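Here is query-v9.txt, consisting of compact mmCIF, C-alpha atoms:
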```
# COMPACT_ATOMS: atom_id res chain seq x y z
CA MET A 1 -15.56 13.50 -27.72
CA ASN A 2 -16.57 9.85 -27.45
CA VAL A 3 -16.39 7.81 -24.24
CA PRO A 4 -13.25 5.71 -25.06
CA THR A 5 -11.25 8.87 -25.95
CA LEU A 6 -12.48 10.58 -22.77
CA PHE A 7 -11.28 7.70 -20.55
CA GLY A 8 -8.08 7.44 -22.60
CA LEU A 9 -7.28 11.07 -21.69
CA CYS A 10 -8.35 10.36 -18.10
CA ALA A 11 -5.83 7.47 -18.10
CA ALA A 12 -3.08 9.82 -19.31
CA ALA A 13 -3.83 12.18 -16.41
CA LEU A 14 -3.78 9.28 -13.90
CA VAL A 15 -0.33 8.21 -15.14
CA GLY A 16 0.86 11.82 -14.84
CA PHE A 17 -0.36 12.30 -11.26
CA GLY A 18 0.91 8.85 -10.26
CA LEU A 19 4.39 9.56 -11.65
CA TYR A 20 4.49 12.91 -9.82
CA GLY A 21 3.51 11.15 -6.57
CA VAL A 22 6.14 8.41 -6.96
CA ILE A 23 8.88 11.02 -7.44
CA THR A 24 7.91 13.63 -4.83
CA ASN A 25 6.20 11.82 -1.92
CA PRO A 26 8.81 10.88 0.71
CA GLN A 27 6.63 8.23 2.42
CA PRO A 28 7.02 4.73 0.92
CA LEU A 29 3.33 3.89 1.43
CA ARG A 30 2.41 6.97 -0.60
CA LYS A 31 4.83 5.87 -3.32
CA ILE A 32 3.10 2.47 -3.44
CA LEU A 33 -0.25 4.23 -3.69
CA ALA A 34 0.99 6.52 -6.46
CA PHE A 35 2.48 3.53 -8.29
CA ASN A 36 -0.99 1.97 -8.21
CA LEU A 37 -2.34 5.16 -9.84
CA ILE A 38 0.12 4.67 -12.72
CA GLY A 39 -0.98 1.05 -13.00
CA ASN A 40 -4.67 2.07 -13.04
CA GLY A 41 -3.88 4.60 -15.76
CA VAL A 42 -2.25 1.92 -17.92
CA PHE A 43 -5.19 -0.45 -17.32
CA LEU A 44 -7.74 2.27 -18.11
CA LEU A 45 -5.94 3.12 -21.37
CA PHE A 46 -5.95 -0.56 -22.29
CA GLY A 47 -9.68 -0.69 -21.42
CA ALA A 48 -10.40 2.33 -23.61
CA ILE A 49 -8.59 0.62 -26.50
CA ALA A 50 -10.62 -2.55 -25.81
CA ARG A 51 -13.83 -0.48 -25.98
CA ARG A 52 -12.80 0.94 -29.36
CA GLY A 53 -12.44 -2.62 -30.61
CA ALA A 54 -16.14 -3.37 -30.04
CA ALA A 55 -17.31 -5.72 -32.79
CA ALA A 56 -19.17 -8.97 -33.45
CA GLY A 57 -21.82 -8.12 -30.86
CA PHE A 58 -19.35 -7.56 -27.99
CA GLY A 59 -19.27 -4.25 -26.11
CA GLY A 60 -15.48 -4.35 -26.28
CA ASP A 61 -12.64 -6.55 -27.52
CA PRO A 62 -12.69 -9.49 -25.05
CA VAL A 63 -8.96 -10.27 -25.46
CA PRO A 64 -7.66 -7.08 -23.79
CA GLN A 65 -10.50 -7.35 -21.23
CA GLY A 66 -9.31 -10.82 -20.22
CA LEU A 67 -5.70 -9.61 -19.97
CA LEU A 68 -6.89 -6.69 -17.80
CA ILE A 69 -8.34 -9.09 -15.23
CA THR A 70 -5.00 -10.91 -15.12
CA GLY A 71 -3.21 -7.56 -14.79
CA ILE A 72 -5.37 -6.31 -11.91
CA VAL A 73 -4.78 -9.51 -9.89
CA VAL A 74 -1.01 -9.41 -10.50
CA ALA A 75 -0.90 -5.69 -9.58
CA PHE A 76 -2.65 -6.54 -6.31
CA SER A 77 -0.15 -9.29 -5.43
CA ALA A 78 2.79 -6.96 -6.22
CA THR A 79 1.23 -4.28 -3.97
CA ALA A 80 0.80 -6.81 -1.16
CA LEU A 81 4.47 -7.83 -1.46
CA ALA A 82 5.56 -4.16 -1.40
CA VAL A 83 3.45 -3.43 1.70
CA ALA A 84 4.85 -6.53 3.45
CA LEU A 85 8.43 -5.37 2.71
CA LEU A 86 7.58 -1.94 4.10
CA LEU A 87 6.06 -3.34 7.32
CA ARG A 88 9.14 -5.55 7.76
CA LEU A 89 11.42 -2.52 7.30
CA PHE A 90 9.41 -0.69 9.96
CA GLN A 91 9.67 -3.63 12.39
CA ALA A 92 13.42 -3.97 11.84
CA THR A 93 14.42 -0.30 12.04
CA GLY A 94 11.48 1.56 13.61
CA THR A 95 11.31 3.90 10.64
CA VAL A 96 10.35 3.67 6.97
CA THR A 97 12.63 6.35 5.55
CA LEU A 98 14.22 5.71 2.16
CA THR A 99 17.09 8.20 2.60
CA ASP A 100 20.67 6.90 2.64
CA ASP A 101 21.35 7.68 6.31
CA ALA A 102 18.56 5.40 7.54
CA PRO A 103 19.47 3.66 10.82
CA THR A 104 20.66 0.07 10.63
CA LYS A 105 19.14 -2.74 12.70
CA ALA A 106 21.99 -2.52 15.25
CA GLU A 107 21.60 1.24 15.72
CA ALA A 108 17.84 0.89 16.07
CA ASP A 109 18.34 -1.77 18.77
CA ASP A 110 20.73 0.58 20.61
CA ARG A 111 18.06 3.22 20.68
CA GLY A 112 15.70 0.65 22.13
CA VAL A 113 13.25 0.76 19.20
CA MET B 114 -24.10 15.78 -25.48
CA THR B 115 -26.12 12.78 -24.35
CA VAL B 116 -26.80 11.94 -20.70
CA ALA B 117 -24.45 8.93 -20.87
CA SER B 118 -21.50 10.94 -22.17
CA ALA B 119 -22.19 13.74 -19.66
CA LEU B 120 -22.10 11.17 -16.86
CA ALA B 121 -18.87 9.73 -18.29
CA LEU B 122 -17.34 13.21 -18.29
CA VAL B 123 -18.31 13.80 -14.64
CA LEU B 124 -16.92 10.36 -13.74
CA ALA B 125 -13.60 11.03 -15.50
CA LEU B 126 -13.26 14.42 -13.78
CA LEU B 127 -14.02 12.86 -10.37
CA LEU B 128 -11.45 10.11 -10.97
CA VAL B 129 -8.72 12.56 -11.92
CA SER B 130 -9.51 14.93 -9.02
CA ILE B 131 -9.49 12.17 -6.38
CA ALA B 132 -6.28 10.72 -7.86
CA ALA B 133 -4.64 14.17 -7.70
CA TRP B 134 -5.85 14.61 -4.13
CA THR B 135 -4.42 11.26 -2.96
CA VAL B 136 -1.05 12.42 -4.33
CA VAL B 137 -0.96 15.94 -2.83
CA THR B 138 -2.70 15.52 0.55
CA ARG B 139 -0.38 15.55 3.56
CA ARG B 140 -2.05 12.80 5.62
CA THR B 141 -1.34 9.23 4.47
CA PHE B 142 -4.48 7.82 6.08
CA ALA B 143 -6.70 10.33 4.23
CA ALA B 144 -4.92 9.50 0.97
CA VAL B 145 -5.64 5.80 1.43
CA GLU B 146 -9.31 6.49 2.19
CA GLY B 147 -9.48 8.57 -1.00
CA PHE B 148 -7.90 5.68 -2.91
CA VAL B 149 -10.67 3.28 -1.82
CA ALA B 150 -13.39 5.68 -3.03
CA TYR B 151 -11.40 6.11 -6.24
CA GLY B 152 -11.28 2.31 -6.73
CA LEU B 153 -15.07 2.09 -6.54
CA LEU B 154 -15.48 4.97 -9.02
CA LEU B 155 -13.00 3.24 -11.31
CA SER B 156 -15.19 0.14 -11.37
CA ILE B 157 -18.07 2.36 -12.60
CA ALA B 158 -15.73 3.60 -15.33
CA TRP B 159 -15.24 -0.04 -16.40
CA VAL B 160 -19.02 -0.38 -16.73
CA ALA B 161 -19.05 2.77 -18.88
CA LEU B 162 -16.41 1.05 -21.07
CA SER B 163 -18.65 -2.07 -21.38
CA ALA B 164 -16.13 -4.19 -19.47
CA ILE B 165 -18.43 -5.74 -16.82
CA ASP B 166 -16.01 -8.59 -15.97
CA VAL B 167 -13.24 -6.06 -15.37
CA ALA B 168 -15.61 -3.88 -13.30
CA LEU B 169 -16.35 -6.83 -10.99
CA THR B 170 -12.62 -7.53 -10.58
CA GLU B 171 -11.83 -3.87 -9.96
CA ALA B 172 -14.59 -3.47 -7.35
CA ALA B 173 -13.51 -6.64 -5.51
CA ILE B 174 -9.72 -6.29 -5.78
CA GLY B 175 -8.95 -2.64 -6.65
CA GLY B 176 -11.50 -1.11 -4.28
CA GLY B 177 -11.86 -3.92 -1.74
CA LEU B 178 -8.73 -5.97 -1.03
CA THR B 179 -6.18 -3.26 -1.96
CA GLY B 180 -8.13 -0.87 0.28
CA VAL B 181 -8.05 -3.26 3.25
CA LEU B 182 -4.33 -3.88 2.70
CA LEU B 183 -3.41 -0.18 2.48
CA ILE B 184 -5.67 0.95 5.36
CA GLY B 185 -4.15 -1.75 7.59
CA ALA B 186 -0.61 -0.68 6.64
CA ALA B 187 -1.43 3.05 7.04
CA ALA B 188 -2.80 2.42 10.53
CA ARG B 189 0.34 0.53 11.60
CA LEU B 190 2.73 3.03 9.99
CA ARG B 191 0.85 6.16 11.09
CA THR B 192 3.61 7.61 13.30
CA ALA B 193 6.48 6.65 10.99
CA GLU B 194 4.76 8.09 7.93
CA THR B 195 3.92 11.37 9.69
CA ALA B 196 7.54 11.78 10.79
CA LEU B 197 8.64 11.47 7.16
CA SER B 198 6.49 14.31 5.81
CA ALA B 199 9.34 16.64 6.87
CA GLU B 200 11.48 14.97 4.16
CA ARG B 201 9.21 16.41 1.49
CA ALA B 202 11.08 17.19 -1.71
CA GLY B 203 12.18 20.81 -2.26
CA ALA B 204 10.48 23.17 -4.72
CA PRO B 205 12.99 22.72 -7.60
CA LEU B 206 12.60 18.93 -7.54
CA ARG B 207 8.81 19.25 -7.32
CA TRP B 208 8.70 21.55 -10.36
CA LEU B 209 11.00 19.22 -12.30
CA ALA B 210 8.83 16.21 -11.34
CA ALA B 211 5.71 18.12 -12.40
CA ALA B 212 7.29 18.94 -15.77
CA VAL B 213 8.36 15.31 -16.38
CA SER B 214 4.95 13.96 -15.32
CA ALA B 215 3.10 16.48 -17.50
CA ALA B 216 5.30 15.53 -20.46
CA VAL B 217 4.60 11.80 -19.98
CA ALA B 218 0.85 12.41 -19.55
CA GLY B 219 0.86 14.70 -22.61
CA ALA B 220 2.63 12.07 -24.73
CA ILE B 221 0.07 9.42 -23.73
CA ALA B 222 -2.83 11.83 -24.41
CA PHE B 223 -1.32 12.59 -27.82
CA GLY B 224 -1.17 8.84 -28.51
CA VAL B 225 -4.81 8.44 -27.47
CA LEU B 226 -5.91 11.10 -29.96
CA LEU B 227 -3.88 9.44 -32.73
CA LEU B 228 -5.27 5.91 -32.26
CA PRO B 229 -6.05 4.25 -35.62
CA ASP B 230 -9.61 4.27 -36.90
CA PRO B 231 -11.20 1.76 -37.36
CA ALA B 232 -9.61 0.18 -34.31
CA PRO B 233 -7.91 -3.21 -34.68
CA THR B 234 -9.92 -5.88 -32.87
CA LEU B 235 -9.84 -9.60 -32.14
CA ALA B 236 -13.56 -9.69 -31.25
CA PRO B 237 -14.66 -11.35 -34.55
CA ALA B 238 -11.99 -14.07 -34.11
CA VAL B 239 -13.17 -14.72 -30.53
CA SER B 240 -16.80 -14.77 -31.64
CA GLU B 241 -16.05 -17.23 -34.47
CA HIS B 242 -14.43 -19.85 -32.19
CA LEU B 243 -16.68 -19.34 -29.14
CA PRO B 244 -19.19 -22.12 -30.06
CA SER B 245 -16.38 -24.74 -30.21
CA ILE B 246 -15.53 -24.01 -26.55
CA GLY B 247 -19.14 -24.02 -25.36
CA LEU B 248 -18.87 -20.93 -23.14
CA GLY B 249 -21.18 -17.92 -23.31
CA ASN B 250 -18.78 -15.46 -21.67
CA ALA B 251 -16.11 -14.44 -24.18
CA VAL B 252 -13.83 -13.03 -21.44
CA THR B 253 -13.78 -16.38 -19.60
CA ALA B 254 -13.01 -18.07 -22.93
CA VAL B 255 -10.07 -15.68 -23.44
CA LEU B 256 -8.81 -16.27 -19.88
CA LEU B 257 -9.00 -20.07 -19.89
CA ALA B 258 -8.70 -21.04 -23.55
CA TYR B 259 -7.23 -18.50 -26.02
CA ARG B 260 -4.86 -16.93 -23.49
CA GLY B 261 -4.72 -19.81 -21.01
CA ILE B 262 -0.94 -19.40 -20.68
CA ASP B 263 -1.42 -15.92 -19.11
CA THR B 264 -3.89 -17.22 -16.57
CA LEU B 265 -1.66 -20.20 -15.75
CA LEU B 266 1.37 -17.96 -15.17
CA GLU B 267 -0.75 -15.52 -13.18
CA SER B 268 -2.03 -18.23 -10.84
CA ILE B 269 1.63 -19.14 -10.23
CA VAL B 270 2.64 -15.48 -9.76
CA VAL B 271 0.14 -14.91 -6.94
CA VAL B 272 1.47 -17.98 -5.10
CA PHE B 273 5.05 -16.73 -5.63
CA ALA B 274 4.03 -13.32 -4.23
CA LEU B 275 2.68 -15.08 -1.13
CA ILE B 276 5.93 -17.05 -0.76
CA GLY B 277 7.74 -13.69 -1.03
CA VAL B 278 5.58 -12.19 1.74
CA TRP B 279 6.06 -15.23 3.99
CA SER B 280 9.82 -15.26 3.44
CA LEU B 281 10.01 -11.85 5.16
CA ALA B 282 9.38 -13.61 8.48
CA PRO B 283 12.25 -13.48 11.00
CA ASP B 284 13.79 -16.96 11.49
CA HIS B 285 12.19 -17.65 14.87
CA LEU B 286 8.70 -16.83 13.54
CA TRP B 287 8.89 -19.06 10.43
CA GLY B 288 5.82 -21.27 10.31
CA GLY B 289 3.92 -18.96 12.65
CA TYR B 290 0.65 -17.07 12.40
CA PRO B 291 0.44 -14.25 9.81
CA GLY B 292 0.00 -10.66 11.03
CA PRO B 293 -1.00 -9.44 14.47
CA ARG B 294 -3.89 -11.13 16.30
CA GLN B 295 -7.06 -9.11 15.73
CA TYR B 296 -9.38 -8.24 18.59
CA ALA B 297 -12.77 -6.56 18.41
CA ASP B 298 -15.53 -5.96 20.93
CA PRO B 299 -17.84 -9.01 20.55
CA ASN B 300 -20.84 -6.65 20.73
CA SER B 301 -19.47 -4.22 18.14
CA ILE B 302 -21.01 -3.63 14.74
CA LEU B 303 -17.89 -5.21 13.16
CA ALA B 304 -18.42 -8.50 15.02
CA TYR B 305 -22.11 -8.37 14.13
CA LEU B 306 -21.38 -7.88 10.42
CA ALA B 307 -18.75 -10.63 10.56
CA ARG B 308 -21.51 -13.02 11.65
CA VAL B 309 -24.30 -11.82 9.32
CA LEU B 310 -22.45 -11.08 6.07
CA PRO B 311 -20.33 -14.21 5.39
CA PRO B 312 -23.23 -16.62 4.70
CA ILE B 313 -24.57 -14.15 2.11
CA GLY B 314 -21.10 -13.36 0.77
CA ILE B 315 -20.18 -17.03 0.35
CA ILE B 316 -23.33 -17.64 -1.72
CA VAL B 317 -22.67 -14.53 -3.83
CA GLY B 318 -19.00 -15.54 -4.32
CA LEU B 319 -19.86 -19.08 -5.40
CA TYR B 320 -22.64 -17.79 -7.67
CA ILE B 321 -20.32 -15.32 -9.41
CA PHE B 322 -17.81 -18.15 -9.90
CA TRP B 323 -20.46 -20.46 -11.35
CA VAL B 324 -22.15 -18.00 -13.76
CA GLY B 325 -18.71 -16.94 -15.06
CA ALA B 326 -19.00 -19.50 -17.87
CA ASP B 327 -21.86 -17.65 -19.54
CA LEU B 328 -22.29 -14.27 -17.81
CA PRO B 329 -19.91 -11.68 -16.30
CA GLY B 330 -18.07 -13.26 -13.38
CA GLY B 331 -15.53 -16.00 -12.83
CA LYS B 332 -13.02 -17.47 -10.45
CA PHE B 333 -11.03 -14.28 -9.71
CA GLN B 334 -14.09 -12.26 -8.79
CA GLY B 335 -15.69 -15.13 -6.83
CA ALA B 336 -12.45 -16.00 -5.01
CA THR B 337 -11.92 -12.35 -4.06
CA ILE B 338 -15.37 -12.16 -2.48
CA LEU B 339 -14.73 -15.40 -0.53
CA ALA B 340 -11.34 -14.03 0.58
CA ALA B 341 -12.99 -10.78 1.71
CA MET B 342 -15.52 -12.73 3.81
CA TRP B 343 -12.73 -14.72 5.46
CA LEU B 344 -10.77 -11.51 6.17
CA LEU B 345 -13.89 -9.93 7.70
CA VAL B 346 -14.25 -12.83 10.14
CA MET B 347 -10.50 -12.62 10.92
CA MET B 348 -10.61 -8.86 11.49
CA ALA B 349 -13.54 -9.19 13.88
CA GLY B 350 -11.38 -11.58 15.94
CA LEU B 351 -13.84 -14.46 15.48
CA THR B 352 -11.18 -16.68 13.92
CA ASP B 353 -7.43 -16.58 13.31
CA ALA B 354 -5.40 -17.02 10.14
CA PRO B 355 -3.87 -20.51 9.95
CA PRO B 356 -0.16 -20.81 10.86
CA ILE B 357 1.79 -21.06 7.62
CA ASN B 358 3.42 -24.41 8.45
CA ARG B 359 0.14 -26.32 8.00
CA THR B 360 0.44 -29.10 5.40
CA TRP B 361 -3.21 -28.84 4.25
CA LEU B 362 -2.70 -25.12 3.62
CA ARG B 363 0.42 -25.63 1.53
CA ILE B 364 -1.22 -28.41 -0.51
CA LEU B 365 -4.27 -26.25 -1.27
CA LEU B 366 -2.03 -23.31 -2.25
CA VAL B 367 -0.32 -25.27 -5.04
CA ALA B 368 -3.18 -27.66 -5.97
CA GLY B 369 -4.91 -25.24 -8.38
CA PRO B 370 -1.87 -24.30 -10.50
CA LEU B 371 -0.62 -27.93 -10.47
CA LEU B 372 -3.94 -29.25 -11.81
CA PHE B 373 -3.93 -26.47 -14.43
CA ILE B 374 -0.41 -27.53 -15.51
CA ALA B 375 -1.43 -31.22 -15.57
CA ILE B 376 -4.52 -30.58 -17.73
CA GLY B 377 -2.46 -28.21 -19.90
CA PHE B 378 0.20 -30.83 -20.64
CA ALA B 379 -2.43 -33.55 -21.08
CA GLY B 380 -3.70 -31.35 -23.92
CA ALA B 381 -0.44 -32.04 -25.77
CA VAL B 382 -1.49 -35.72 -26.01
CA THR B 383 -5.27 -35.46 -26.30
CA ALA B 384 -5.65 -32.28 -28.37
CA GLY B 385 -2.32 -31.87 -30.10
CA ALA B 386 -1.06 -28.77 -28.25
CA VAL B 387 -0.14 -27.75 -24.71
CA LEU B 388 -3.06 -25.93 -23.02
CA ALA B 389 -5.45 -27.06 -25.76
CA TYR B 390 -8.64 -28.93 -24.84
CA PRO B 391 -9.96 -32.02 -26.64
CA GLU B 392 -13.02 -31.42 -28.81
CA GLY B 393 -16.25 -31.37 -26.78
CA TYR B 394 -14.55 -31.37 -23.35
CA ALA B 395 -13.45 -27.72 -23.29
CA LYS B 396 -16.21 -26.38 -21.04
CA LEU B 397 -15.96 -29.30 -18.60
CA LEU B 398 -12.16 -28.97 -18.29
CA ILE B 399 -12.38 -25.18 -17.93
CA LYS B 400 -14.85 -25.52 -15.07
CA VAL B 401 -12.63 -28.19 -13.42
CA ILE B 402 -9.60 -25.86 -13.65
CA GLU B 403 -11.60 -22.91 -12.33
CA ALA B 404 -12.99 -24.99 -9.45
CA ALA B 405 -9.46 -26.13 -8.53
CA LEU B 406 -8.15 -22.56 -8.72
CA MET B 407 -10.93 -21.21 -6.45
CA PRO B 408 -9.50 -22.47 -3.10
CA THR B 409 -5.96 -21.58 -4.17
CA LEU B 410 -6.94 -18.02 -5.12
CA THR B 411 -9.18 -17.50 -2.06
CA LEU B 412 -6.42 -18.59 0.35
CA THR B 413 -3.66 -16.73 -1.52
CA LEU B 414 -5.54 -13.42 -1.81
CA ALA B 415 -6.64 -13.44 1.84
CA LEU B 416 -3.19 -14.46 3.15
CA LEU B 417 -1.49 -11.79 1.01
CA VAL B 418 -3.53 -9.23 2.96
CA ALA B 419 -2.86 -11.01 6.29
CA GLY B 420 0.88 -10.51 5.72
CA ALA B 421 4.12 -12.08 6.95
CA PRO B 422 4.19 -14.33 10.05
CA GLU B 423 4.46 -12.23 13.22
CA ARG B 424 3.57 -14.75 15.96
CA THR B 425 5.33 -17.99 16.84
CA ALA B 426 4.09 -21.30 15.46
CA PRO B 427 2.00 -23.56 17.72
CA PRO B 428 3.89 -26.59 19.10
```

For this file, produce the structure as structure tokens.
Amino acid sequence: MNVPTLFGLCAAALVGFGLYGVITNPQPLRKILAFNLIGNGVFLLFGAIARRGAAAGFGGDPVPQGLLITGIVVAFSATALAVALLLRLFQATGTVTLTDDAPTKAEADDRGV
Amino acid sequence: MTVASALALVLALLLVSIAAWTVVTRRTFAAVEGFVAYGLLLSIAWVALSAIDVALTEAAIGGGLTGVLLIGAAARLRTAETALSAERAGAPLRWLAAAVSAAVAGAIAFGVLLLPDPAPTLAPAVSEHLPSIGLGNAVTAVLLAYRGIDTLLESIVVVFALIGVWSLAPDHLWGGYPGPRQYADPNSILAYLARVLPPIGIIVGLYIFWVGADLPGGKFQGATILAAMWLLVMMAGLTDAPPINRTWLRILLVAGPLLFIAIGFAGAVTAGAVLAYPEGYAKLLIKVIEAALMPTLTLTLALLVAGAPERTAPP
């Protein structure tokens, strides 16, 4: 098996584990982390396809490689926004649960959180 | 099997095992630590795929900044996250999730094995037009010339993400300092590193930005290293993040994308198309755009990690 195929299969496994984590982990921070695993899997698959396109003296197709750099930076800013939302939720309610019966701001204040 | 492909196999197995471990481990903090190690291994995988520019970005952003962001959040949410582990999904849901995830992974793996051969590629097209731009690094040429629209929109997206983070501030803290004030023992190893590393890091960051025209590197990688140095000094308590109501800060945050837009639209007059560069001036204009984006990206990336305002603005 050649290297691009190997990392392509690795990418498939990363997406699989990430999806499982997003569905089953109850903690929002763990969901963000697992979502990043899915993103990494997609990027790695794209990178493997770029490597297969090696031609004209380049080690890989530079067009997908350029788009990957853009993608990684955007994924980081989305993660930062998600983490900021989570920290704000924690400050407002004292908990980070995503279940329906989560306490409201008023209830949290009553409990002195 | 050659040594290189054996190493690639070990790397792929390590990546998948650490990824699986970050999903199944009970402790959030341990999962985040695993994720940082995984980010660094992933950047080695990019080297194995001959994507050195991507490897630099991954090491700086994927392993570095994302790691700092998640470790900081995990430390602040430690009690809340532990309390939630009791809400763990029941066995039927876990089995169903495992089946769905395995099906998705299997479908992608199937697609990987069916990829067309020979692979479609744009490398010859890039190579053919590279001399007219005057850059040696094809990835930089893709980012700033062939796919300039992506990079323009991206530089706007990161600023929008920062506006989103800031807008989470409660009304009375609007315009205040981001995040909690950091304190560290002035004699600690952290404070020592925060004094010794930044001069070296700033040189490395600027160098990586400058060589990006011809060798692996560029503004994203350089700006991330500069942002990391600033965050290090902030975390050691040697300086504070600026309050977000500062005019100079807001001007610098939009200056890079605005100049990019201005040069892009000027291309409609001088070169016949938006985001095109006039003949012979491509390299100069690309370096001007990159230099203008550097402060914007450095400030944005560092302040995204610093978070929403949590302390009142100075009078």

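With distances taken over all atoms listed in the file, B:Thr253 is the one residue among B:Thr352, B:Thr253, B:Gln295, B:Thr409 lying closest to Ile165 (chain B).
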
Residues within 6 Å of region 414-423 of chain B, only C-alpha atoms, excluding chain neighbours under 6 positions, as a list in words: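 Counting only the stated atoms, we get Ala80 of chain A; Leu182, Leu275, Val278, Trp279, Ala282, Gly289, Tyr290, Pro291, Gly292 and Ala340 of chain B.
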
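Compared by their closest atoms to Ala84 (chain A), and using all atoms listed in the file, the residues B:Gly277, B:Gly288, B:Gly152, B:Pro408 rank with B:Gly277 nearest.
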
Please, which residues in chain A fall within 6 Å of chain B when counting all atoms listed in the file, and what is the closest atom pair and distance in Å to one decimal for each, ordered by chain then residue number, as CSV?
```
residue,atom,partner,partner_atom,distance
A:Gly8,CA,B:Val225,CA,6.0
A:Leu9,CA,B:Ala222,CA,5.3
A:Cys10,CA,B:Ala125,CA,5.9
A:Ala12,CA,B:Ala218,CA,4.7
A:Ala13,CA,B:Ala218,CA,5.6
A:Gly16,CA,B:Ser214,CA,4.6
A:Phe17,CA,B:Ala133,CA,5.9
A:Leu19,CA,B:Ser214,CA,5.8
A:Tyr20,CA,B:Ser214,CA,5.6
A:Gly21,CA,B:Val136,CA,5.2
A:Thr24,CA,B:Ala202,CA,5.7
A:Pro26,CA,B:Arg201,CA,5.6
A:Gln27,CA,B:Glu194,CA,5.8
A:Arg51,CA,B:Leu162,CA,5.8
A:Arg52,CA,B:Ala232,CA,5.9
A:Gly53,CA,B:Thr234,CA,4.7
A:Ala55,CA,B:Ala236,CA,5.7
A:Ala56,CA,B:Pro237,CA,5.2
A:Gly59,CA,B:Ser163,CA,5.2
A:Asp61,CA,B:Ala236,CA,5.0
A:Pro62,CA,B:Val252,CA,5.2
A:Val63,CA,B:Val255,CA,5.9
A:Gly66,CA,B:Val252,CA,5.2
A:Ile69,CA,B:Val167,CA,5.8
A:Ser77,CA,B:Val271,CA,5.8
A:Ala80,CA,B:Leu417,CA,5.9
A:Leu81,CA,B:Val278,CA,5.5
A:Ala84,CA,B:Val278,CA,6.0
A:Thr95,CA,B:Ala193,CA,5.6
```

Any chance you can output those residues with C-alpha atoms as a PDB file, keeping the file's coordinate frame?
```pdb
ATOM      1  CA  GLY A   8      -8.080   7.440 -22.600  1.00  0.00           C
ATOM      2  CA  LEU A   9      -7.280  11.070 -21.690  1.00  0.00           C
ATOM      3  CA  CYS A  10      -8.350  10.360 -18.100  1.00  0.00           C
ATOM      4  CA  ALA A  12      -3.080   9.820 -19.310  1.00  0.00           C
ATOM      5  CA  ALA A  13      -3.830  12.180 -16.410  1.00  0.00           C
ATOM      6  CA  GLY A  16       0.860  11.820 -14.840  1.00  0.00           C
ATOM      7  CA  PHE A  17      -0.360  12.300 -11.260  1.00  0.00           C
ATOM      8  CA  LEU A  19       4.390   9.560 -11.650  1.00  0.00           C
ATOM      9  CA  TYR A  20       4.490  12.910  -9.820  1.00  0.00           C
ATOM     10  CA  GLY A  21       3.510  11.150  -6.570  1.00  0.00           C
ATOM     11  CA  THR A  24       7.910  13.630  -4.830  1.00  0.00           C
ATOM     12  CA  PRO A  26       8.810  10.880   0.710  1.00  0.00           C
ATOM     13  CA  GLN A  27       6.630   8.230   2.420  1.00  0.00           C
ATOM     14  CA  ARG A  51     -13.830  -0.480 -25.980  1.00  0.00           C
ATOM     15  CA  ARG A  52     -12.800   0.940 -29.360  1.00  0.00           C
ATOM     16  CA  GLY A  53     -12.440  -2.620 -30.610  1.00  0.00           C
ATOM     17  CA  ALA A  55     -17.310  -5.720 -32.790  1.00  0.00           C
ATOM     18  CA  ALA A  56     -19.170  -8.970 -33.450  1.00  0.00           C
ATOM     19  CA  GLY A  59     -19.270  -4.250 -26.110  1.00  0.00           C
ATOM     20  CA  ASP A  61     -12.640  -6.550 -27.520  1.00  0.00           C
ATOM     21  CA  PRO A  62     -12.690  -9.490 -25.050  1.00  0.00           C
ATOM     22  CA  VAL A  63      -8.960 -10.270 -25.460  1.00  0.00           C
ATOM     23  CA  GLY A  66      -9.310 -10.820 -20.220  1.00  0.00           C
ATOM     24  CA  ILE A  69      -8.340  -9.090 -15.230  1.00  0.00           C
ATOM     25  CA  SER A  77      -0.150  -9.290  -5.430  1.00  0.00           C
ATOM     26  CA  ALA A  80       0.800  -6.810  -1.160  1.00  0.00           C
ATOM     27  CA  LEU A  81       4.470  -7.830  -1.460  1.00  0.00           C
ATOM     28  CA  ALA A  84       4.850  -6.530   3.450  1.00  0.00           C
ATOM     29  CA  THR A  95      11.310   3.900  10.640  1.00  0.00           C
TER      30      THR A  95
END
```

So how many Å separate CA of Leu339 (chain B) and CA of Leu86 (chain A), to one decimal? 26.5 Å

One decimal place gives the CA of Pro356 (chain B)-CA of Tyr296 (chain B) separation as 17.4 Å

Tell me which of B:Met348, B:Ile376, B:Leu362, B:Ile157 sits closest to Pro293 (chain B), counting all atoms listed in the file.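 Between B:Met348, B:Ile376, B:Leu362, B:Ile157, the residue approaching Pro293 (chain B) most closely is B:Met348.
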
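The gap separating CA of Ile338 (chain B) from CA of Ala173 (chain B) is 6.6 Å, in Å to one decimal.
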
Distance criterion (all atoms listed in the file): nearest to Ala341 (chain B) out of B:Leu154, B:Leu412, B:Ala326, B:Ala375: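 For Ala341 (chain B), the nearest of the given residues is B:Leu412.
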
Return the single residue from A:Ala75, A:Pro64, A:Leu29, A:Asn36 that is closest to Ala188 (chain B), with distances computed using all atoms listed in the file.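 Checking each of A:Ala75, A:Pro64, A:Leu29, A:Asn36 against Ala188 (chain B), counting all atoms listed in the file, the winner is A:Leu29.
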
Of the candidates B:Gly249, B:Gly330, B:Val401, B:Pro370, which one gets nearest to Phe58 (chain A) if we count all atoms listed in the file?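 Nearest candidate to Phe58 (chain A) out of B:Gly249, B:Gly330, B:Val401, B:Pro370: B:Gly249.
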
Within 12 Å of (-4.0, -29.3, -22.1) in the file's own coordinates, which protein, DNA or RNA residues have an atom, counting only C-alpha atoms? List them as JSON, numbers by chain. {"B": [257, 258, 259, 261, 262, 265, 372, 373, 374, 375, 376, 377, 378, 379, 380, 381, 382, 383, 384, 385, 386, 387, 388, 389, 390, 391, 392, 394, 395, 398, 399, 402]}
